[in-house]
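Below is input_37.txt, holding compact mmCIF, C-alpha atoms.
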# COMPACT_ATOMS: atom_id res chain seq x y z
CA MET A 46 -10.14 -0.35 -0.01
CA SER A 47 -11.63 1.94 -2.65
CA PRO A 48 -9.42 3.98 -5.00
CA ARG A 49 -10.78 7.19 -3.44
CA SER A 50 -9.63 6.22 0.05
CA GLY A 51 -6.41 4.40 -0.82
CA PRO A 52 -2.95 5.52 0.27
CA HIS A 53 -2.13 6.91 -3.18
CA ARG A 54 -5.12 9.21 -3.39
CA ARG A 55 -3.91 12.73 -4.09
CA GLN A 56 -4.73 15.15 -1.28
CA ARG A 57 -7.01 17.99 -2.30
CA GLU A 58 -5.01 21.20 -2.44
CA VAL A 59 -6.27 24.03 -0.26
CA VAL A 60 -6.23 27.31 -2.14
CA SER A 61 -7.15 30.78 -0.94
CA PHE A 62 -8.66 31.93 -4.22
CA VAL A 63 -11.13 30.92 -6.90
CA ARG A 64 -9.68 30.85 -10.40
CA ARG A 65 -12.16 32.71 -12.59
CA GLY A 66 -12.53 32.69 -16.34
CA ALA A 67 -10.34 34.88 -18.52
CA ARG A 68 -13.05 36.39 -20.75
CA LEU A 69 -12.16 40.04 -21.24
CA THR A 70 -14.15 43.08 -22.23
CA ARG A 71 -13.04 44.86 -25.39
CA SER A 72 -11.17 47.57 -23.47
CA ARG A 73 -9.41 45.07 -21.23
CA GLN A 74 -8.49 42.89 -24.19
CA ASP A 75 -7.03 45.95 -25.89
CA ALA A 76 -4.95 46.76 -22.80
CA TRP A 77 -3.77 43.15 -22.59
CA ASP A 78 -2.81 43.00 -26.26
CA ARG A 79 -0.85 46.25 -26.12
CA LEU A 80 0.80 46.06 -22.70
CA SER A 81 1.09 42.49 -21.42
CA ASP A 82 4.41 41.81 -23.15
CA ALA A 83 5.98 44.74 -21.28
CA TYR A 84 4.51 44.10 -17.84
CA VAL A 85 3.22 40.54 -17.39
CA LEU A 86 5.82 37.90 -16.46
CA ASP A 87 5.12 34.89 -18.67
CA LEU A 88 6.85 31.98 -16.96
CA PRO A 89 6.67 28.30 -17.93
CA ARG A 90 3.90 26.58 -15.98
CA GLY A 91 3.98 23.47 -13.86
CA ASP A 92 1.21 20.89 -13.44
CA ARG A 93 -1.39 23.68 -13.30
CA ASP A 94 -1.54 27.15 -14.78
CA THR A 95 -1.19 28.95 -11.43
CA VAL A 96 2.21 27.50 -10.47
CA PRO A 97 5.58 27.80 -12.24
CA ALA A 98 7.45 24.91 -13.78
CA GLU A 99 10.06 23.27 -11.60
CA GLY A 100 13.30 25.20 -11.73
CA ALA A 101 11.76 28.49 -12.86
CA ARG A 102 13.25 31.53 -11.13
CA LEU A 103 12.95 35.31 -11.26
CA ASP A 104 16.14 37.31 -11.65
CA LEU A 105 14.95 40.60 -10.22
CA ALA A 106 17.87 42.60 -11.59
CA GLU A 107 17.06 41.26 -15.05
CA VAL A 108 13.31 41.73 -14.69
CA PHE A 109 13.54 45.37 -13.57
CA GLY A 110 16.88 46.27 -15.09
CA ARG A 111 18.31 47.37 -11.76
CA SER A 112 18.61 46.55 -8.06
CA ALA A 113 16.06 48.31 -5.84
CA GLU A 114 13.77 47.71 -2.87
CA LEU A 115 10.91 45.39 -3.81
CA VAL A 116 7.26 45.78 -2.81
CA VAL A 117 5.05 42.72 -3.38
CA GLU A 118 1.27 42.97 -3.37
CA VAL A 119 -0.51 39.61 -3.12
CA GLY A 120 -4.02 39.70 -4.53
CA SER A 121 -3.64 43.02 -6.35
CA GLY A 122 -7.20 42.89 -7.73
CA GLN A 123 -7.76 45.54 -10.38
CA GLY A 124 -4.46 47.22 -9.67
CA GLU A 125 -5.45 50.54 -8.10
CA ASN A 126 -2.80 50.32 -5.39
CA ILE A 127 0.10 48.84 -7.30
CA ALA A 128 -0.26 51.24 -10.25
CA ALA A 129 -0.44 54.27 -7.96
CA ALA A 130 2.45 53.03 -5.82
CA ALA A 131 4.71 52.41 -8.80
CA ALA A 132 4.08 55.92 -10.10
CA ALA A 133 4.51 57.53 -6.66
CA ALA A 134 7.69 55.63 -5.68
CA PRO A 135 9.96 55.35 -8.74
CA GLN A 136 12.88 54.42 -6.46
CA ARG A 137 11.18 51.11 -5.62
CA ASP A 138 10.22 48.11 -7.71
CA HIS A 139 6.71 46.65 -7.46
CA LEU A 140 5.42 43.13 -8.11
CA ALA A 141 1.67 42.47 -8.28
CA VAL A 142 0.65 38.83 -7.81
CA GLU A 143 -2.88 38.07 -9.01
CA VAL A 144 -4.55 34.99 -10.54
CA TYR A 145 -7.60 36.85 -11.90
CA VAL A 146 -6.78 37.65 -15.53
CA PRO A 147 -9.45 40.36 -16.03
CA GLY A 148 -8.02 42.08 -12.95
CA LEU A 149 -4.55 41.94 -14.47
CA ALA A 150 -5.87 43.43 -17.71
CA GLN A 151 -7.51 46.24 -15.74
CA THR A 152 -4.21 46.73 -13.90
CA LEU A 153 -2.43 47.22 -17.21
CA ASP A 154 -4.89 49.94 -18.12
CA ARG A 155 -4.33 51.63 -14.75
CA ILE A 156 -0.56 51.44 -15.17
CA GLU A 157 -0.88 53.19 -18.52
CA ARG A 158 -3.14 55.85 -17.03
CA ALA A 159 -0.56 56.35 -14.25
CA GLY A 160 2.06 57.30 -16.82
CA SER A 161 3.37 53.82 -17.74
CA PRO A 162 5.94 53.48 -14.93
CA ARG A 163 8.55 50.84 -15.70
CA ASN A 164 9.11 49.76 -12.10
CA VAL A 165 6.14 47.37 -11.91
CA ARG A 166 5.52 43.81 -13.11
CA LEU A 167 2.51 41.50 -12.89
CA LEU A 168 2.70 37.82 -11.98
CA PRO A 169 -0.40 35.71 -12.82
CA LEU A 170 0.38 32.91 -10.36
CA ASP A 171 -0.56 31.60 -6.91
CA ALA A 172 1.64 33.59 -4.53
CA GLN A 173 1.93 31.02 -1.77
CA ARG A 174 3.09 28.24 -4.08
CA SER A 175 5.09 30.33 -6.52
CA LEU A 176 6.98 33.09 -4.73
CA PRO A 177 9.13 30.82 -2.50
CA GLN A 178 10.46 29.20 -5.67
CA LEU A 179 10.72 32.31 -7.82
CA LEU A 180 12.18 34.90 -5.43
CA PRO A 181 15.46 34.84 -3.52
CA GLU A 182 15.32 34.83 0.25
CA HIS A 183 15.59 38.26 1.93
CA SER A 184 14.51 40.02 -1.29
CA VAL A 185 11.21 41.68 -0.29
CA SER A 186 11.08 44.99 1.58
CA GLU A 187 7.29 45.27 1.89
CA LEU A 188 4.47 42.75 1.57
CA TRP A 189 0.90 43.98 1.05
CA VAL A 190 -2.31 41.98 1.38
CA PHE A 191 -5.33 44.26 1.10
CA PHE A 192 -8.91 42.99 1.35
CA PRO A 193 -8.33 39.27 0.78
CA ASP A 194 -11.32 36.98 0.37
CA PRO A 195 -12.75 36.59 3.91
CA TRP A 196 -14.12 33.06 3.34
CA HIS A 197 -16.88 33.63 5.88
CA LYS A 198 -18.00 30.05 6.58
CA SER A 199 -16.10 28.29 9.37
CA LYS A 200 -15.42 25.26 7.18
CA HIS A 201 -13.66 27.57 4.71
CA HIS A 202 -11.43 29.39 7.21
CA LYS A 203 -8.55 27.14 6.16
CA ARG A 204 -8.76 28.84 2.76
CA ARG A 205 -8.06 32.26 4.21
CA LEU A 206 -4.82 33.63 2.84
CA ILE A 207 -3.50 34.93 6.17
CA ASN A 208 -2.79 31.61 7.83
CA PRO A 209 0.41 29.89 9.04
CA PRO A 210 1.19 28.18 5.68
CA PHE A 211 1.19 31.55 3.92
CA LEU A 212 3.44 33.10 6.56
CA ASP A 213 5.77 30.10 6.33
CA ALA A 214 6.02 30.69 2.59
CA MET A 215 6.56 34.45 2.81
CA ALA A 216 8.75 34.86 5.91
CA PRO A 217 12.01 33.63 4.32
CA LEU A 218 11.53 36.06 1.42
CA LEU A 219 11.26 39.10 3.69
CA LYS A 220 14.28 41.15 4.59
CA GLU A 221 14.93 41.69 8.27
CA GLY A 222 12.95 44.79 9.14
CA ALA A 223 10.60 44.33 6.18
CA THR A 224 7.04 45.59 6.61
CA VAL A 225 3.88 43.52 6.23
CA ARG A 226 0.72 45.57 5.67
CA LEU A 227 -2.76 44.01 5.90
CA ALA A 228 -6.27 45.39 5.58
CA THR A 229 -9.80 43.98 5.63
CA ASP A 230 -13.33 45.31 5.90
CA TRP A 231 -14.64 42.31 7.85
CA ALA A 232 -14.26 42.34 11.65
CA HIS A 233 -14.12 38.56 11.93
CA TYR A 234 -11.25 38.37 9.44
CA ALA A 235 -9.54 41.29 11.19
CA ALA A 236 -9.59 39.34 14.46
CA HIS A 237 -8.32 36.25 12.64
CA MET A 238 -5.39 38.13 11.07
CA HIS A 239 -4.56 39.82 14.38
CA HIS A 240 -4.40 36.44 16.18
CA VAL A 241 -2.44 34.65 13.43
CA MET A 242 0.16 37.39 13.12
CA GLY A 243 0.42 37.86 16.87
CA ALA A 244 1.12 34.17 17.39
CA ASP A 245 4.00 34.13 14.91
CA PRO A 246 7.38 34.85 16.58
CA ARG A 247 8.85 36.04 13.28
CA PHE A 248 6.74 39.22 13.32
CA ALA A 249 6.11 42.10 15.72
CA SER A 250 3.36 44.68 15.52
CA LEU A 251 4.42 48.16 14.45
CA HIS A 252 1.50 49.58 16.47
CA PRO A 253 1.10 47.40 19.57
CA ASP A 254 -0.90 50.10 21.35
CA GLY A 255 -2.84 51.22 18.30
CA PRO A 256 -6.59 51.57 19.03
CA ARG A 257 -9.42 50.06 17.07
CA PRO A 258 -10.70 52.21 14.19
CA GLU A 259 -13.28 54.75 15.28
CA GLY A 260 -16.95 54.27 14.62
CA THR A 261 -19.33 51.35 14.42
CA THR A 262 -19.53 48.62 11.84
CA SER A 263 -22.51 46.95 10.23
CA ASP A 264 -21.01 43.46 10.33
CA GLU A 265 -20.77 41.25 13.40
CA VAL A 266 -17.87 41.98 15.76
CA PRO A 267 -16.42 38.84 17.38
CA GLY A 268 -16.09 38.77 21.15
CA ASP A 269 -12.36 38.07 20.96
CA LEU A 270 -11.56 41.10 18.79
CA PRO A 271 -8.50 42.77 20.38
CA GLU A 272 -8.81 46.37 21.53
CA THR A 273 -5.25 47.31 20.54
CA GLY A 274 -2.63 46.39 17.97
CA TRP A 275 -4.36 48.15 15.06
CA ALA A 276 -2.50 50.32 12.58
CA PRO A 277 -3.65 53.68 11.26
CA ARG A 278 -4.83 53.65 7.68
CA PHE A 279 -1.84 53.14 5.41
CA GLU A 280 -1.35 56.40 3.51
CA GLY A 281 0.06 54.51 0.54
CA ARG A 282 -3.19 52.62 0.03
CA VAL A 283 -5.45 54.45 -2.37
CA LEU A 284 -9.20 54.44 -1.79
CA THR A 285 -10.33 51.76 -4.21
CA SER A 286 -13.85 51.19 -5.49
CA PHE A 287 -13.89 48.00 -3.42
CA GLU A 288 -13.08 49.85 -0.20
CA SER A 289 -15.60 52.57 -1.05
CA LYS A 290 -18.35 49.95 -1.40
CA ALA A 291 -17.39 48.46 1.98
CA GLN A 292 -17.65 51.86 3.61
CA ALA A 293 -20.97 52.53 1.88
CA ALA A 294 -22.22 49.25 3.37
CA GLY A 295 -21.30 50.55 6.84
CA ARG A 296 -18.29 48.31 7.47
CA LEU A 297 -15.14 49.58 9.15
CA VAL A 298 -11.74 49.02 7.58
CA TRP A 299 -9.16 47.36 9.82
CA ASP A 300 -5.45 47.94 9.15
CA LEU A 301 -2.56 45.94 10.58
CA ALA A 302 1.18 46.45 10.16
CA TYR A 303 4.08 44.25 11.26
CA THR A 304 7.84 44.11 10.94
CA ARG A 305 9.89 41.04 10.09
CA LEU A 306 12.12 40.51 13.11
CA PRO A 307 15.82 39.74 12.77
CA ARG A 308 16.33 36.00 12.80
CA HIS A 309 18.13 36.05 16.15
CA GLN A 310 15.19 37.86 17.82
CA GLU A 311 12.49 35.34 16.83
CA ASP A 312 12.92 33.11 19.88
CA GLU A 313 13.04 36.10 22.22
CA HIS A 314 9.83 37.55 20.76
CA GLY A 315 8.07 34.18 20.82
Write the structure described by the file as structure tokens, please.
Amino acid sequence: MSPRSGPHRRQREVVSFVRRGARLTRSRQDAWDRLSDAYVLDLPRGDRDTVPAEGARLDLAEVFGRSAELVVEVGSGQGENIAAAAAAAPQRDHLAVEVYVPGLAQTLDRIERAGSPRNVRLLPLDAQRSLPQLLPEHSVSELWVFFPDPWHKSKHHKRRLINPPFLDAMAPLLKEGATVRLATDWAHYAAHMHHVMGADPRFASLHPDGPRPEGTTSDEVPGDLPETGWAPRFEGRVLTSFESKAQAAGRLVWDLAYTRLPRHQEDEHG
């Protein structure tokens, strides 16, 4: 038996992201140097730089200096949404989880331009493998995943973020009645998210009769795309440059919204 096929061979870890280099432009480096100490959570790392060391935890009251509702955005990109949300909702705390360091540096710049709100922190780790360890159960009031990597090829669909392992990791962290907001500009991924969320008894659609977005789309629409269950565009999501490019390319944007059911209702819903 070869070493590569033996029983002790380490299984390849499936990740939903590609870790990119951390080379920064001058302006982003300046933002990082000036602002990262105030906003970026620098936790001890585990066996790789995208997971925390064993035993690491986040004390939210200590991190934010208070107790408030927590919004978590997974894959916050360049920070347009989280910076705007923190400035618009000072009564809430906001946690942006993003592995792309240049995006985090750009987020710092956006936070400063938004008036330097103090109710936002950035976490440069893999959400699925880090948040269940770092956050207490029932601590998240809203979870946002906007425009995740669609991983178009069928062999890569297991890398898509919205899949059962991600929901298994996030569900215990969500308060009963917490909101999950999703958006994508790819019809195939929209259908995938709709099916995955609809099959999970821990969640119920907030818009079960919601129609498909109006208009036509330039990408292929799968035959199993549901006609209903779509949410209206989330007013709290700013129009990012990424979304603008998708619209310019003729693609529709698909929104979904769900609530975390009380634990005793999961079996009934399923």
Determine, counting only C-alpha atoms, which protein, DNA and RNA residues have an atom within 9 Å of an atom of A:Lys220; residues of the same chain fewer than 4 positions away are not included. Present the result as a ChimeraX atom specification. /A:182-187,216,224,305-307
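When all atoms listed in the file are used to compute distances to A:Val108, the closest of the residues A:Glu125, A:Glu259, A:Asp138, A:Glu143 turns out to be A:Asp138.
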Expressed in Å to a single decimal, how great is the separation between atom CA of A:Thr229 and atom CA of A:Leu115?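 Separating atom CA of A:Thr229 from atom CA of A:Leu115 is a distance of 22.8 Å.
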Show me the residues around (9.3, 45.8, -8.2) - criterion: an atom at most 10 Å away, all atoms listed in the file counted - as a list in words.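 The residues near that point, listed by chain and number, are Leu105, Ala106, Val108, Phe109, Arg111, Ser112, Ala113, Glu114, Leu115, Val116, Val117, Glu118, Ile127, Ala131, Pro135, Gln136, Arg137, Asp138, His139, Leu140, Ala141, Arg163, Asn164, Val165, Arg166, Leu167, Val185 and Ser186 of chain A.
Pairwise distance (atom CA of A:Thr262, atom CA of A:Leu297) equals 5.2 Å.
For the pair atom CA of A:Ala76 and atom CA of A:Pro177, the separation is 29.4 Å.
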Please identify all polymer residues within 8 Å of A:Ser250, counting only C-alpha atoms, omitting same-chain residues fewer than 3 positions from it, and present them as JSON, numbers by chain. {"A": [243, 253, 274, 301, 302, 303, 304]}
Only C-alpha atoms, please: the residues just picked out, written as a PDB file, in the coordinates of the input.
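Below is the file selection.pdb, written as the result:
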ATOM      1  CA  GLY A 243       0.420  37.860  16.870  1.00  0.00           C
ATOM      2  CA  PRO A 253       1.100  47.400  19.570  1.00  0.00           C
ATOM      3  CA  GLY A 274      -2.630  46.390  17.970  1.00  0.00           C
ATOM      4  CA  LEU A 301      -2.560  45.940  10.580  1.00  0.00           C
ATOM      5  CA  ALA A 302       1.180  46.450  10.160  1.00  0.00           C
ATOM      6  CA  TYR A 303       4.080  44.250  11.260  1.00  0.00           C
ATOM      7  CA  THR A 304       7.840  44.110  10.940  1.00  0.00           C
TER       8      THR A 304
END
So which residues touch A:Arg71 within 12 Å, counting all atoms listed in the file, skipping near sequence neighbours fewer than 4 positions away, as a ChimeraX atom specification? /A:75-78,147,150-151
Could you work out an axis-aligned bounding box for all listed atoms of stretch 230-244 of chain A, with 8 Å added on each of the six sides, and give its centre and edge lengths in Å to one decimal, as lines of an AutoDock Vina configuration file?
center_x = -6.8
center_y = 39.7
center_z = 11.6
size_x = 31.8
size_y = 27.1
size_z = 27.5
Kindly indicate which residue among A:Arg247, A:Phe191, A:Ala232, A:Leu103 lies nearest to A:Asp213, using all atoms listed in the file for the distances.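 For A:Asp213, the nearest of the candidates is A:Arg247.
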Residues near A:Ala276, anyone? I mean within 10 Å using all atoms listed in the file, not counting same-chain ones fewer than 4 positions away, as a PyMOL selection string. chain A and resi 226-228+250-258+299-303
So, with only C-alpha atoms as the atoms that count, which of A:Ala128, A:Ala223, A:Ala236, A:Leu176 lies closest to A:Glu157? A:Ala128
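The closest residue to A:Leu69, picked from A:Gln123, A:Gly148, A:Leu88, A:Glu288 and counting only C-alpha atoms, is A:Gly148.
Each of A:Trp275, A:Phe211, A:Phe192, A:Tyr84 was compared to A:Tyr234 using only C-alpha atoms, and A:Phe192 turns out to be the nearest.
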